[in-house]
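Here is the file input.pdb (PDB, C-alpha atoms, pLDDT in the B column).
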```
ATOM      1  CA  MET A   1       3.479   7.811  12.444  1.00 46.00           C
ATOM      2  CA  GLN A   2       5.209   4.436  12.333  1.00 46.00           C
ATOM      3  CA  ASP A   3       8.605   3.977  13.959  1.00 51.00           C
ATOM      4  CA  PRO A   4      11.027   3.760  10.999  1.00 51.00           C
ATOM      5  CA  LEU A   5      13.230   1.294  12.916  1.00 50.00           C
ATOM      6  CA  ASN A   6      12.434  -2.312  13.689  1.00 52.00           C
ATOM      7  CA  ASP A   7      13.286  -4.093  16.960  1.00 56.00           C
ATOM      8  CA  ASN A   8      16.921  -4.544  15.845  1.00 60.00           C
ATOM      9  CA  ASP A   9      17.384  -0.790  15.208  1.00 62.00           C
ATOM     10  CA  GLU A  10      17.482  -1.458  11.477  1.00 65.00           C
ATOM     11  CA  PRO A  11      15.399   0.595   9.034  1.00 71.00           C
ATOM     12  CA  ARG A  12      11.933  -0.892   8.677  1.00 80.00           C
ATOM     13  CA  PRO A  13      11.291  -1.898   5.047  1.00 93.00           C
ATOM     14  CA  VAL A  14       8.547  -0.378   2.937  1.00 97.00           C
ATOM     15  CA  MET A  15       5.844  -2.960   2.338  1.00 98.00           C
ATOM     16  CA  ILE A  16       3.797  -3.209  -0.842  1.00 98.00           C
ATOM     17  CA  ILE A  17       0.354  -4.752  -1.093  1.00 98.00           C
ATOM     18  CA  THR A  18      -1.160  -5.489  -4.504  1.00 98.00           C
ATOM     19  CA  GLY A  19      -4.764  -6.148  -5.427  1.00 97.00           C
ATOM     20  CA  ARG A  20      -7.960  -4.717  -6.871  1.00 97.00           C
ATOM     21  CA  ILE A  21     -10.374  -2.102  -5.551  1.00 97.00           C
ATOM     22  CA  TRP A  22     -13.867  -0.874  -6.401  1.00 97.00           C
ATOM     23  CA  LYS A  23     -15.350   2.578  -5.795  1.00 95.00           C
ATOM     24  CA  LYS A  24     -18.810   0.956  -5.641  1.00 94.00           C
ATOM     25  CA  LYS A  25     -19.891  -2.647  -5.228  1.00 91.00           C
ATOM     26  CA  GLY A  26     -20.222  -4.336  -8.604  1.00 87.00           C
ATOM     27  CA  GLY A  27     -18.487  -1.438 -10.365  1.00 92.00           C
ATOM     28  CA  LYS A  28     -15.405  -1.415 -12.541  1.00 93.00           C
ATOM     29  CA  PRO A  29     -12.296  -2.706 -10.724  1.00 95.00           C
ATOM     30  CA  GLU A  30      -9.048  -0.785 -10.532  1.00 96.00           C
ATOM     31  CA  GLY A  31      -5.640  -2.246  -9.828  1.00 97.00           C
ATOM     32  CA  VAL A  32      -3.962  -1.004  -6.681  1.00 98.00           C
ATOM     33  CA  HIS A  33      -0.511  -0.918  -5.105  1.00 98.00           C
ATOM     34  CA  VAL A  34      -0.451   0.228  -1.486  1.00 98.00           C
ATOM     35  CA  MET A  35       2.927   1.160   0.017  1.00 98.00           C
ATOM     36  CA  LEU A  36       3.410   1.654   3.746  1.00 98.00           C
ATOM     37  CA  MET A  37       5.554   0.822   6.731  1.00 97.00           C
ATOM     38  CA  ALA A  38       4.169  -1.497   9.403  1.00 96.00           C
ATOM     39  CA  PRO A  39       5.558  -3.821  12.079  1.00 95.00           C
ATOM     40  CA  ASP A  40       3.973  -6.933  10.513  1.00 95.00           C
ATOM     41  CA  ASP A  41       1.784  -8.166   7.650  1.00 96.00           C
ATOM     42  CA  ASP A  42      -1.462  -8.068   9.658  1.00 97.00           C
ATOM     43  CA  SER A  43      -0.898  -4.446  10.682  1.00 97.00           C
ATOM     44  CA  ALA A  44      -0.019  -3.534   7.101  1.00 98.00           C
ATOM     45  CA  VAL A  45      -3.201  -5.101   5.713  1.00 98.00           C
ATOM     46  CA  ARG A  46      -5.346  -3.447   8.397  1.00 98.00           C
ATOM     47  CA  ARG A  47      -3.828   0.005   7.724  1.00 98.00           C
ATOM     48  CA  ALA A  48      -4.183  -0.483   3.951  1.00 98.00           C
ATOM     49  CA  LEU A  49      -7.868  -1.416   4.232  1.00 98.00           C
ATOM     50  CA  GLU A  50      -8.564   1.507   6.600  1.00 98.00           C
ATOM     51  CA  SER A  51      -6.871   3.924   4.196  1.00 98.00           C
ATOM     52  CA  LEU A  52      -8.731   2.558   1.177  1.00 98.00           C
ATOM     53  CA  ALA A  53     -12.054   2.896   3.019  1.00 97.00           C
ATOM     54  CA  ALA A  54     -11.146   6.460   4.034  1.00 98.00           C
ATOM     55  CA  GLU A  55     -10.530   7.242   0.337  1.00 97.00           C
ATOM     56  CA  GLY A  56     -14.047   6.039  -0.520  1.00 97.00           C
ATOM     57  CA  TYR A  57     -13.385   2.559  -1.871  1.00 97.00           C
ATOM     58  CA  ALA A  58     -16.280   0.182  -1.156  1.00 96.00           C
ATOM     59  CA  GLU A  59     -14.469  -3.096  -1.802  1.00 96.00           C
ATOM     60  CA  ALA A  60     -10.923  -4.405  -1.918  1.00 97.00           C
ATOM     61  CA  GLU A  61      -9.318  -7.726  -2.815  1.00 96.00           C
ATOM     62  CA  LEU A  62      -5.716  -7.820  -1.675  1.00 97.00           C
ATOM     63  CA  ASP A  63      -3.615 -10.469  -3.406  1.00 96.00           C
ATOM     64  CA  GLN A  64      -0.001 -10.187  -2.287  1.00 97.00           C
ATOM     65  CA  ILE A  65       2.124  -8.488   0.322  1.00 98.00           C
ATOM     66  CA  GLY A  66       5.888  -8.158   0.349  1.00 97.00           C
ATOM     67  CA  GLU A  67       8.821  -5.929   1.193  1.00 96.00           C
ATOM     68  CA  MET A  68      10.240  -3.511  -1.356  1.00 96.00           C
ATOM     69  CA  GLN A  69      13.808  -4.512  -2.168  1.00 93.00           C
ATOM     70  CA  GLU A  70      14.812  -1.121  -3.576  1.00 94.00           C
ATOM     71  CA  GLU A  71      13.463   2.328  -4.335  1.00 95.00           C
ATOM     72  CA  PRO A  72      11.342   2.414  -7.525  1.00 96.00           C
ATOM     73  CA  ASP A  73      12.760   4.234 -10.549  1.00 95.00           C
ATOM     74  CA  GLU A  74       9.591   5.792 -11.965  1.00 96.00           C
ATOM     75  CA  GLU A  75       6.554   7.795 -10.924  1.00 96.00           C
ATOM     76  CA  PRO A  76       4.013   7.383  -9.444  1.00 96.00           C
ATOM     77  CA  HIS A  77       5.660   4.598  -7.447  1.00 96.00           C
ATOM     78  CA  LEU A  78       8.702   6.694  -6.531  1.00 97.00           C
ATOM     79  CA  SER A  79       6.529   9.334  -4.825  1.00 97.00           C
ATOM     80  CA  ALA A  80       4.439   6.612  -3.158  1.00 98.00           C
ATOM     81  CA  TYR A  81       7.606   4.987  -1.824  1.00 98.00           C
ATOM     82  CA  GLN A  82       8.847   8.331  -0.455  1.00 97.00           C
ATOM     83  CA  GLY A  83       5.462   8.895   1.190  1.00 97.00           C
ATOM     84  CA  ALA A  84       5.645   5.474   2.825  1.00 98.00           C
ATOM     85  CA  LEU A  85       9.113   6.291   4.192  1.00 96.00           C
ATOM     86  CA  GLU A  86       7.540   9.376   5.798  1.00 96.00           C
ATOM     87  CA  GLY A  87       4.875   7.254   7.516  1.00 96.00           C
ATOM     88  CA  GLU A  88       2.044   7.714   5.035  1.00 97.00           C
ATOM     89  CA  VAL A  89      -0.083   4.992   3.472  1.00 98.00           C
ATOM     90  CA  SER A  90       0.459   5.598  -0.252  1.00 98.00           C
ATOM     91  CA  ILE A  91      -2.117   4.354  -2.754  1.00 98.00           C
ATOM     92  CA  VAL A  92      -1.344   3.956  -6.470  1.00 98.00           C
ATOM     93  CA  THR A  93      -4.287   2.987  -8.700  1.00 97.00           C
ATOM     94  CA  PHE A  94      -4.311   1.924 -12.338  1.00 96.00           C
ATOM     95  CA  ASP A  95      -6.717   0.455 -14.887  1.00 93.00           C
ATOM     96  CA  GLU A  96      -7.261  -3.238 -14.312  1.00 76.00           C
ATOM     97  CA  PRO A  97      -6.770  -5.219 -17.565  1.00 69.00           C
ATOM     98  CA  ILE A  98      -9.891  -7.043 -18.723  1.00 53.00           C
TER
END
```
Any chance you could put this one into structure tokens?
Amino acid sequence: MQDPLNDNDEPRPVMIITGRIWKKKGGKPEGVHVMLMAPDDDSAVRRALESLAAEGYAEAELDQIGEMQEEPDEEPHLSAYQGALEGEVSIVTFDEPI
């Protein structure tokens, strides 16, 4: 589990990574938001890709990474955020608009 504090003994922020994923190469894409805690962007991307592969996704295109500024108001992002605070890598998928 990730240390919830950064080097300055401040709470580590929850990071969010956005992109697209595919269950099989050439298949239909899904949108994805991955929420997790990590010491830096590279570690966050690596953990996100490992978790997506473990869930059976064959391909991923990650577009953006950033820090959550506040707790989300609605599900499923609220539960994903809470999971990230507990050290999990939380994956939220949704239909990708055509």
At a cut-off of 9 Å, using all atoms listed in the file, what residues contact Ala48 in chain A? Leave out same-chain residues fewer than 3 positions from it and give the result as a PyMOL selection string.
chain A and resi 17+34-36+43-45+51-53+89-91
I'd like the neighbourhood of Phe94 in chain A as number ranges by chain, where a residue qualifies if any of its atoms comes within 8 Å (using all atoms listed in the file), though same-chain residues fewer than 6 positions away should be ignored.
A: 30-32
Go ahead and compute the interatomic distance for CA of Asp95 in chain A and CA of Pro29 in chain A, in Å to one decimal.
7.6 Å
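The coordinates place CA of Lys28 in chain A at 26.4 Å from CA of Glu88 in chain A.
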Near range 65-74 of chain A, within 6 Å and counting only C-alpha atoms, which residues show up once chain neighbours fewer than 6 positions away are dropped, as a PyMOL selection string?
chain A and resi 14-17
Of the candidates A:Leu85, A:Ala38, A:Ala54, A:Leu62, which shows the shortest atom-to-atom distance to Lys23 in chain A, using only C-alpha atoms?
A:Ala54
Taking only C-alpha atoms into account, name the residue in A:Ala84, A:Ile21, A:Leu78, A:Met37 that is nearest to Gly56 in chain A.
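Closest to Gly56 in chain A, using only C-alpha atoms: A:Ile21.
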Provide the CA of Ala58 in chain A to CA of Arg20 in chain A distance in Å, to one decimal place.
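CA of Ala58 in chain A sits 11.2 Å away from CA of Arg20 in chain A.
Minimum atom-to-atom distances from A:Gly27, A:Pro13, A:Val92, A:Gly19 to Glu75 in chain A were compared using only C-alpha atoms, and the lowest value belongs to A:Val92.
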Extending 3 Å beyond the listed atoms of range 63-82 of chain A on each side, what axis-aligned box results? I want centre and edge lengths in Å to one decimal, as AutoDock Vina command-line options.
```
--center_x 5.6 --center_y -0.6 --center_z -5.4 --size_x 24.4 --size_y 25.8 --size_z 19.2
```
